[in-house]
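*Asks:* What follows is the file final_20.txt, containing compact mmCIF, C-alpha atoms:
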```
# COMPACT_ATOMS: atom_id res chain seq x y z
CA MET A 1051 0.00 0.00 0.00
CA GLU A 1052 2.74 2.41 1.02
CA ARG A 1053 4.77 1.43 -2.03
CA ALA A 1054 1.78 2.02 -4.27
CA LEU A 1055 1.28 5.43 -2.72
CA THR A 1056 4.96 6.31 -3.20
CA TYR A 1057 4.70 5.15 -6.82
CA GLY A 1058 1.62 7.31 -7.23
CA TYR A 1059 3.36 10.39 -5.82
CA ASP A 1060 6.43 9.72 -7.97
CA ARG A 1061 4.27 9.48 -11.07
CA LEU A 1062 2.36 12.62 -10.17
CA TRP A 1063 5.59 14.47 -9.56
CA LEU A 1064 6.96 13.26 -12.89
CA ILE A 1065 3.83 14.38 -14.75
CA GLN A 1066 4.00 17.82 -13.11
CA GLU A 1067 7.69 18.09 -13.90
CA THR A 1068 7.07 17.17 -17.54
CA LYS A 1069 4.22 19.66 -17.80
CA LEU A 1070 6.40 22.40 -16.37
CA GLU A 1071 9.16 21.56 -18.80
CA GLU A 1072 6.67 21.58 -21.68
CA GLN A 1073 5.25 24.94 -20.63
CA GLU A 1074 8.75 26.42 -20.47
CA LEU A 1075 9.58 25.09 -23.93
CA ILE A 1076 6.32 26.40 -25.39
CA ALA A 1077 6.79 29.83 -23.81
CA SER A 1078 10.29 29.94 -25.20
CA VAL A 1079 9.10 29.06 -28.73
CA LEU A 1080 6.36 31.67 -28.52
CA ASN A 1081 9.03 34.21 -27.58
CA GLY A 1082 10.75 33.45 -30.86
CA ASN A 1083 13.30 30.85 -29.75
CA ASN A 1084 13.22 28.28 -32.56
CA ASN A 1085 15.87 26.16 -30.84
CA ALA A 1086 13.30 25.38 -28.16
CA PHE A 1087 11.02 24.01 -30.86
CA LYS A 1088 13.88 21.87 -32.13
CA ASP A 1089 14.11 20.45 -28.61
CA ILE A 1090 10.39 19.61 -28.78
CA VAL A 1091 10.93 17.80 -32.10
CA LYS A 1092 13.87 15.86 -30.65
CA LYS A 1093 11.89 14.93 -27.57
CA TYR A 1094 8.80 13.62 -29.36
CA GLU A 1095 10.25 12.32 -32.63
CA SER A 1096 10.40 8.71 -31.50
CA ARG A 1097 6.82 8.70 -30.20
CA ILE A 1098 5.43 10.31 -33.33
CA ALA A 1099 7.52 8.03 -35.54
CA ALA A 1100 6.10 4.99 -33.75
CA THR A 1101 2.58 6.30 -34.30
CA VAL A 1102 2.97 7.31 -37.94
CA ILE A 1103 5.07 4.30 -39.00
CA GLY A 1104 2.66 2.06 -37.12
CA MET A 1105 -0.22 3.57 -39.06
CA LEU A 1106 1.40 3.90 -42.49
CA GLY A 1107 4.32 1.48 -42.44
CA HIS A 1108 7.83 2.37 -43.56
CA CYS A 1109 7.27 4.59 -46.57
CA THR A 1110 8.23 8.02 -47.84
CA GLU A 1111 4.86 9.43 -46.83
CA ALA A 1112 5.53 8.47 -43.19
CA GLU A 1113 8.29 11.05 -42.82
CA ASP A 1114 6.23 13.67 -44.61
CA ILE A 1115 3.38 13.08 -42.19
CA GLY A 1116 5.87 13.20 -39.30
CA GLN A 1117 7.18 16.58 -40.48
CA GLU A 1118 3.65 17.84 -41.11
CA THR A 1119 2.68 16.85 -37.54
CA PHE A 1120 5.38 19.06 -36.04
CA ILE A 1121 4.69 21.90 -38.48
CA ARG A 1122 1.00 21.85 -37.53
CA LEU A 1123 2.02 21.99 -33.88
CA TYR A 1124 4.33 24.94 -34.59
CA GLN A 1125 1.56 26.79 -36.36
CA SER A 1126 -1.01 26.16 -33.65
CA LEU A 1127 1.25 26.46 -30.62
CA HIS A 1128 -0.31 29.76 -29.58
CA LYS A 1129 -3.66 27.97 -29.36
CA PHE A 1130 -2.30 25.12 -27.21
CA ARG A 1131 -3.93 25.50 -23.80
CA GLY A 1132 -2.13 22.64 -22.08
CA GLU A 1133 -5.32 20.77 -21.19
CA SER A 1134 -3.72 17.59 -22.51
CA SER A 1135 -0.02 16.84 -22.59
CA LEU A 1136 2.01 17.92 -25.58
CA ALA A 1137 2.60 14.24 -26.44
CA THR A 1138 -1.15 13.55 -26.54
CA TYR A 1139 -1.77 16.69 -28.59
CA LEU A 1140 0.94 15.71 -31.07
CA THR A 1141 -0.29 12.12 -31.26
CA ARG A 1142 -3.80 13.35 -32.02
CA ILE A 1143 -2.45 15.41 -34.93
CA ALA A 1144 -0.32 12.47 -36.14
CA ILE A 1145 -3.22 10.00 -35.99
CA ASN A 1146 -5.57 12.34 -37.85
CA LEU A 1147 -3.00 13.07 -40.55
CA SER A 1148 -2.25 9.34 -40.88
CA LEU A 1149 -5.95 8.49 -41.18
CA ASN A 1150 -6.27 11.16 -43.89
CA GLU A 1151 -3.33 9.64 -45.72
CA ILE A 1152 -4.87 6.15 -45.48
CA ARG A 1153 -8.13 7.52 -46.91
CA ARG A 1154 -6.19 9.25 -49.67
CA ARG A 1155 -4.35 6.08 -50.57
CA GLY A 1156 -7.63 4.20 -50.93
CA ARG A 1157 -7.35 1.60 -53.61
CA HIS A 1158 -3.61 2.01 -54.02
CA ARG A 1159 -3.07 0.43 -50.60
CA ARG A 1160 -4.81 -2.78 -51.62
CA THR A 1161 -2.56 -3.31 -54.62
CA TYR A 1162 0.45 -2.59 -52.39
CA LEU A 1163 -0.51 -5.50 -50.14
CA THR A 1164 -1.43 -8.01 -52.82
CA ASN A 1165 1.55 -10.28 -52.27
CA TYR A 1166 1.48 -9.92 -48.52
CA GLU A 1167 0.94 -13.58 -47.59
CA GLU A 1168 3.85 -14.66 -49.72
CA LYS A 1169 6.12 -12.06 -48.15
CA ILE A 1170 5.05 -12.89 -44.62
CA GLU A 1171 5.88 -16.58 -45.19
CA LYS A 1172 9.34 -15.59 -46.38
CA LEU A 1173 9.86 -13.34 -43.38
CA ALA A 1174 8.80 -16.12 -41.02
CA ASP A 1175 11.46 -18.37 -42.56
CA THR A 1176 14.19 -15.83 -41.96
CA ALA A 1177 13.01 -14.88 -38.46
CA ASN A 1178 15.78 -16.93 -36.84
CA HIS A 1179 18.61 -15.04 -38.50
CA ASN A 1180 17.80 -11.47 -37.72
CA GLU A 1181 14.90 -12.02 -35.42
CA GLN A 1182 14.39 -8.60 -33.92
CA LYS A 1183 14.54 -6.68 -37.18
CA GLU A 1184 12.46 -9.21 -39.03
CA MET A 1185 9.92 -9.36 -36.24
CA ARG A 1186 9.53 -5.60 -36.33
CA GLU A 1187 9.12 -5.66 -40.08
CA LEU A 1188 6.63 -8.47 -39.84
CA ILE A 1189 4.58 -6.60 -37.27
CA GLN A 1190 4.70 -3.46 -39.36
CA ARG A 1191 3.43 -5.35 -42.36
CA GLY A 1192 0.85 -7.15 -40.27
CA LEU A 1193 -0.44 -3.86 -38.96
CA GLN A 1194 -0.79 -2.49 -42.46
CA LYS A 1195 -3.17 -5.34 -43.20
CA LEU A 1196 -5.59 -4.28 -40.48
CA PRO A 1197 -8.36 -1.80 -41.22
CA ALA A 1198 -7.43 1.72 -40.06
CA LYS A 1199 -9.88 1.74 -37.13
CA PHE A 1200 -8.24 -1.37 -35.63
CA ARG A 1201 -4.75 -0.24 -36.51
CA SER A 1202 -5.16 3.06 -34.68
CA VAL A 1203 -6.14 1.44 -31.36
CA ILE A 1204 -3.27 -1.06 -31.59
CA VAL A 1205 -0.76 1.67 -32.37
CA LEU A 1206 -1.92 3.98 -29.58
CA ARG A 1207 -2.51 1.40 -26.87
CA LEU A 1208 0.09 -1.26 -27.56
CA ILE A 1209 2.87 0.54 -29.43
CA ASP A 1210 2.72 4.06 -28.01
CA GLY A 1211 1.70 2.75 -24.60
CA TYR A 1212 -1.23 5.09 -23.96
CA SER A 1213 -3.81 3.91 -21.44
CA THR A 1214 -7.20 2.76 -22.69
CA GLU A 1215 -8.73 6.05 -21.51
CA GLU A 1216 -6.05 8.14 -23.23
CA THR A 1217 -6.51 6.12 -26.43
CA ALA A 1218 -10.26 6.76 -26.26
CA ASN A 1219 -9.59 10.44 -25.68
CA ILE A 1220 -7.19 10.77 -28.61
CA LEU A 1221 -9.54 8.94 -30.98
CA ASN A 1222 -12.60 10.66 -29.55
CA LEU A 1223 -14.27 7.29 -28.92
CA PRO A 1224 -16.01 5.74 -25.90
CA VAL A 1225 -13.73 3.50 -23.78
CA GLY A 1226 -16.03 0.53 -24.47
CA THR A 1227 -15.52 0.91 -28.22
CA VAL A 1228 -11.75 1.09 -27.76
CA LEU A 1229 -11.78 -2.09 -25.65
CA SER A 1230 -13.89 -3.97 -28.16
CA ARG A 1231 -11.74 -2.79 -31.09
CA LEU A 1232 -8.61 -3.77 -29.18
CA SER A 1233 -9.85 -7.35 -28.67
CA ARG A 1234 -10.89 -7.70 -32.28
CA ALA A 1235 -7.71 -6.08 -33.56
CA GLN A 1236 -5.53 -8.47 -31.57
CA MET A 1237 -7.45 -11.47 -32.86
CA LYS A 1238 -7.13 -10.20 -36.42
CA LEU A 1239 -3.45 -9.49 -35.94
CA LYS A 1240 -2.94 -13.01 -34.60
CA LYS A 1241 -4.33 -14.40 -37.84
CA VAL A 1242 -2.13 -12.14 -39.89
CA LEU A 1243 0.97 -13.05 -37.91
CA SER A 1244 0.18 -16.74 -37.65
CA PRO A 1245 2.86 -17.81 -40.17
CA LEU A 1246 5.45 -16.49 -37.71
CA TYR A 1247 4.00 -18.42 -34.80
CA LYS A 1248 3.73 -21.51 -36.98
CA GLY A 1249 7.43 -21.16 -37.78
CA LYS A 1250 8.25 -20.81 -34.09
CA ASP A 1251 6.10 -23.75 -33.04
CA ASP A 1252 7.85 -25.96 -35.58
CA GLU A 1253 11.30 -25.27 -34.07
CA MET B 149 -20.88 -27.90 -30.38
CA ASN B 150 -22.05 -24.51 -31.45
CA LYS B 151 -22.60 -23.46 -27.86
CA GLY B 152 -19.04 -24.50 -27.06
CA LYS B 153 -17.70 -22.36 -29.88
CA VAL B 154 -19.70 -19.35 -28.71
CA MET B 155 -18.40 -19.90 -25.18
CA ASN B 156 -14.84 -20.05 -26.46
CA LYS B 157 -15.26 -16.84 -28.35
CA LYS B 158 -16.72 -15.16 -25.29
CA ILE B 159 -13.88 -16.38 -23.09
CA LEU B 160 -11.37 -15.32 -25.70
CA LYS B 161 -12.89 -11.84 -25.73
CA LEU B 162 -12.68 -11.74 -21.95
CA LEU B 163 -9.06 -12.82 -22.13
CA TYR B 164 -8.15 -9.99 -24.52
CA ARG B 165 -10.22 -7.50 -22.56
CA SER B 166 -8.46 -8.49 -19.34
CA PHE B 167 -5.18 -7.06 -20.68
CA ASP B 168 -6.61 -3.57 -21.03
CA THR B 169 -9.23 -3.20 -18.34
CA GLU B 170 -10.30 -4.59 -15.02
CA LEU B 171 -12.96 -7.25 -15.51
CA SER B 172 -16.03 -7.52 -13.33
CA GLU B 173 -15.76 -10.05 -10.54
CA LYS B 174 -18.03 -12.45 -12.38
CA ASP B 175 -16.15 -12.17 -15.68
CA GLN B 176 -12.81 -12.52 -13.95
CA LYS B 177 -13.99 -15.68 -12.22
CA SER B 178 -15.22 -17.27 -15.44
CA LEU B 179 -11.93 -16.38 -17.14
CA ASP B 180 -9.89 -17.81 -14.27
CA ASP B 181 -11.96 -20.99 -14.31
CA ALA B 182 -11.55 -21.34 -18.07
CA LEU B 183 -7.81 -20.73 -17.80
CA GLU B 184 -7.53 -23.39 -15.14
CA ARG B 185 -9.38 -25.91 -17.28
CA SER B 186 -7.98 -25.24 -20.73
CA ASP B 187 -4.37 -25.71 -21.85
CA GLU B 188 -5.32 -24.15 -25.16
CA LEU B 189 -6.53 -20.96 -23.49
CA ARG B 190 -3.37 -20.74 -21.40
CA MET B 191 -1.34 -21.09 -24.58
CA GLU B 192 -3.48 -18.42 -26.19
CA ARG B 193 -2.78 -16.11 -23.27
CA GLU B 194 0.99 -16.67 -23.64
CA ARG B 195 0.74 -16.05 -27.37
CA ALA B 196 -1.29 -12.87 -26.91
CA LEU B 197 1.15 -11.57 -24.32
CA ALA B 198 4.08 -12.32 -26.64
CA GLN B 199 2.29 -10.49 -29.42
CA ARG B 200 1.68 -7.49 -27.16
CA GLN B 201 5.34 -7.48 -26.11
CA ALA B 202 6.47 -7.67 -29.72
CA LEU B 203 4.19 -4.77 -30.59
CA ALA B 204 5.53 -2.72 -27.68
CA LYS B 205 9.11 -3.43 -28.77
CA SER B 206 8.36 -2.41 -32.33
CA GLY B 207 7.57 1.05 -31.02
CA THR B 208 11.10 2.41 -30.80
CA GLN B 209 11.25 4.20 -34.11
CA THR B 210 12.86 7.19 -35.73
CA PHE B 211 12.33 9.05 -38.96
CA GLY B 212 16.04 8.76 -39.68
CA PRO B 213 19.00 10.98 -38.93
CA PHE B 214 18.64 14.77 -38.89
CA PHE B 215 14.85 14.66 -38.71
CA PRO B 216 14.65 17.67 -36.32
CA GLU B 217 16.90 19.64 -38.69
CA ARG B 218 14.66 18.79 -41.63
CA VAL B 219 11.57 19.90 -39.71
CA MET B 220 13.25 23.16 -38.71
CA GLY B 221 14.33 23.70 -42.31
CA ARG B 222 10.74 23.34 -43.48
CA ILE B 223 9.50 25.69 -40.76
CA GLU B 224 12.09 28.29 -41.73
CA SER B 225 11.24 27.99 -45.43
CA LEU B 226 7.56 28.32 -44.55
CA GLY B 227 8.34 31.53 -42.65
CA GLN B 228 10.36 32.76 -45.63
CA THR B 229 7.52 32.08 -48.05
CA LYS B 230 5.10 33.85 -45.75
CA LYS B 231 7.43 36.83 -45.40
CA ASN B 232 7.98 37.00 -49.15
CA GLY B 233 4.25 36.84 -49.74
CA PHE B 234 3.66 39.64 -47.25
CA GLU B 235 6.49 41.73 -48.62
CA LEU B 236 5.15 41.32 -52.16
CA PHE B 237 1.69 42.42 -51.06
CA TYR B 238 3.14 45.39 -49.19
CA GLU B 239 5.22 46.53 -52.17
CA THR B 240 2.27 46.33 -54.57
CA PHE B 241 0.01 48.05 -52.08
CA LYS B 242 2.54 50.80 -51.50
CA ALA B 243 3.07 51.46 -55.23
CA MET B 244 -0.68 51.53 -55.87
CA PHE B 245 -1.38 53.66 -52.81
CA GLN B 246 1.18 56.30 -53.80
CA ARG B 247 -0.53 56.95 -57.15
CA ILE B 248 -4.02 56.79 -55.70
CA ALA B 249 -3.01 59.05 -52.82
CA VAL B 250 -1.58 61.78 -55.08
CA ALA B 251 -4.60 61.70 -57.36
CA SER B 252 -6.99 61.70 -54.39
CA VAL B 253 -5.31 64.70 -52.77
CA ALA B 254 -5.48 66.62 -56.04
CA ILE B 255 -9.18 65.78 -56.51
CA LEU B 256 -9.90 66.65 -52.89
CA LEU B 257 -8.21 70.06 -53.18
CA VAL B 258 -10.17 70.86 -56.34
CA LEU B 259 -13.44 69.82 -54.69
CA ILE B 260 -12.78 71.84 -51.52
CA SER B 261 -11.83 74.92 -53.49
CA TYR B 262 -14.86 74.59 -55.73
CA ASN B 263 -17.18 74.19 -52.76
CA LEU B 264 -15.70 77.16 -50.92
CA ILE B 265 -16.07 79.39 -53.94
CA LYS B 266 -19.60 78.26 -54.62
CA SER B 267 -20.72 78.67 -51.00
CA ASP B 268 -19.48 82.30 -50.95
CA ILE B 269 -17.42 81.79 -47.83
CA ILE B 270 -14.52 83.23 -49.74
CA PRO B 271 -15.80 85.63 -52.39
CA GLU B 272 -14.27 85.39 -55.83
CA ASP B 273 -13.11 89.00 -55.59
CA GLU B 274 -11.04 88.25 -52.57
CA ILE B 275 -9.47 85.32 -54.23
CA ILE B 276 -8.34 87.53 -57.12
CA PHE B 277 -7.61 90.44 -54.72
CA ALA B 278 -10.28 92.63 -56.35
CA SER B 279 -11.96 93.95 -53.23
CA ASP B 280 -14.44 96.80 -53.33
CA ALA B 281 -12.65 98.61 -50.52
CA ALA B 282 -11.16 101.92 -51.44
CA MET B 283 -7.45 102.52 -51.07
CA GLU B 284 -8.11 105.10 -48.30
CA GLU B 285 -10.08 102.59 -46.26
CA ILE B 286 -7.28 100.17 -46.55
CA LEU B 287 -4.73 102.73 -45.50
CA ASP B 288 -6.90 103.83 -42.51
CA MET B 289 -7.10 100.33 -41.15
CA PRO B 290 -5.26 99.89 -37.83
CA LEU B 291 -2.22 97.74 -38.18
CA PHE B 292 -2.76 95.73 -35.00
```
Please re-express this file's structure in structure tokens.

*Replies:*
Amino acid sequence: MERALTYGYDRLWLIQETKLEEQELIASVLNGNNNAFKDIVKKYESRIAATVIGMLGHCTEAEDIGQETFIRLYQSLHKFRGESSLATYLTRIAINLSLNEIRRRGRHRRTYLTNYEEKIEKLADTANHNEQKEMRELIQRGLQKLPAKFRSVIVLRLIDGYSTEETANILNLPVGTVLSRLSRAQMKLKKVLSPLYKGKDDE
Amino acid sequence: MNKGKVMNKKILKLLYRSFDTELSEKDQKSLDDALERSDELRMERERALAQRQALAKSGTQTFGPFFPERVMGRIESLGQTKKNGFELFYETFKAMFQRIAVASVAILLVLISYNLIKSDIIPEDEIIFASDAAMEEILDMPLF
């Protein structure tokens, strides 16, 4: 109990510290210090990359969307009221831009994934050699096979590590919907990734 | 048979839900019971956890080296474009305004003069210094 309380205080302190740091950075950018904005980009690049690459896969558009995310933040920084954390705000922009990109791709995406099964089998065969890299690639490709609404909950909850409530908040969905999409998305992903598990079970 | 399948699906849903939220006491109990009974479900739980771990690990990403620099470059070029656009507008406006301003002042002066003359505030004679006053009257006027 005491440990839990200490953990709670530590977490609260950390959140407050982060918020303070964010506010300082934002104030500095608004005062014309562009280096402070560069610090913001450095700080959140990895999180936004995980979100965008999770949504779009490794492609040239992913970096464009990543850049666009930060540019949108820069342009709307004076409107940022700090009600949510900067990370959540950025993730919301990144998710919306990624969903727009997926909609824009439309039919093109389907042709891109035509030979997916064949590729996934090949990746499963090579998983022993360069397991980590291959696994990541496999997951990326698996995610691209999921419909956008399932992909977004997986990316936010399981890759970015947001809580179920935060995920619901970012996607503007009820928590119940997020939970149900998460279950279905994981079951779908299991099917998509099954060649890998099959390969592992055979070892 | 069918009922069994439905049950499995329900339990499976509960299993996946249990990773992201706290189940009700009743649901938790039925999941625990099912886990105790079924090897397959236990295996499924291990598999799902492994999948979740793999997903979490796949999260460490980057857009490649010098990404912050590229973003800053784009922001600076955006600022430049904006400034150029504004400067261009200002220059055009200034050039146009100068001509319009000179013409407007000229028209305004003509209009004011015309109105003053017509309204007899300043008689025409006075404008051309042809007053009716005699030279003596003018000379008799006190200086201050």

*Asks:* From the options A:Ile1121, A:Ile1143, A:Leu1080, A:Leu1070, which residue's atoms come nearest to chain B, counting all atoms listed in the file?

*Replies:*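 Between A:Ile1121, A:Ile1143, A:Leu1080, A:Leu1070, the residue approaching chain B most closely is A:Ile1121.
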
*Asks:* Which value, in Å to one decimal, gives the distance between atom CA of Ile1115 of chain A and atom CA of Tyr1139 of chain A?

*Replies:*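 According to the coordinates, atom CA of Ile1115 of chain A and atom CA of Tyr1139 of chain A are separated by 15.0 Å.
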
*Asks:* Write down, as a PyMOL selection string, each residue of chain B that has any atom within 8 Å of an atom of chain A, counting only C-alpha atoms.

*Replies:* chain B and resi 161+164-165+168-169+196+199-200+202-211+215-220+222-223

*Asks:* Between A:Gln1073, A:Tyr1212, A:Glu1151, A:Gly1082, which one has atoms that come closest to Glu1133 of chain A, using all atoms listed in the file?

*Replies:*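 The answer is A:Gln1073, which sits nearest to Glu1133 of chain A.
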
*Asks:* Mind pulling up the distance from atom CA of Glu1111 of chain A to atom CA of Asn1146 of chain A?

*Replies:* 14.1 Å

*Asks:* Quick one: distance from atom CA of Pro213 of chain B to atom CA of Val1079 of chain A in Å, one decimal?

*Replies:*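 Taking atom CA of Pro213 of chain B as the start and atom CA of Val1079 of chain A as the end point, the length is 23.0 Å.
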
*Asks:* Need the shell around Ser1134 of chain A: protein/DNA/RNA residues with any atom at most 12 Å away, counting all atoms listed in the file. Skip same-chain ones fewer than 3 positions apart. Format as a VMD selection string?

*Replies:* chain A and resid 1065 1068 to 1069 1072 to 1073 1130 to 1131 1137 to 1142 1216 1219 to 1220

*Asks:* Given the choices A:His1128, A:Ser1135, A:Pro1197, A:Val1203, which gets closest to Leu1223 of chain A if the distance is worked out from only C-alpha atoms?

*Replies:*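 The shortest atom-to-atom distance to Leu1223 of chain A comes from A:Val1203.
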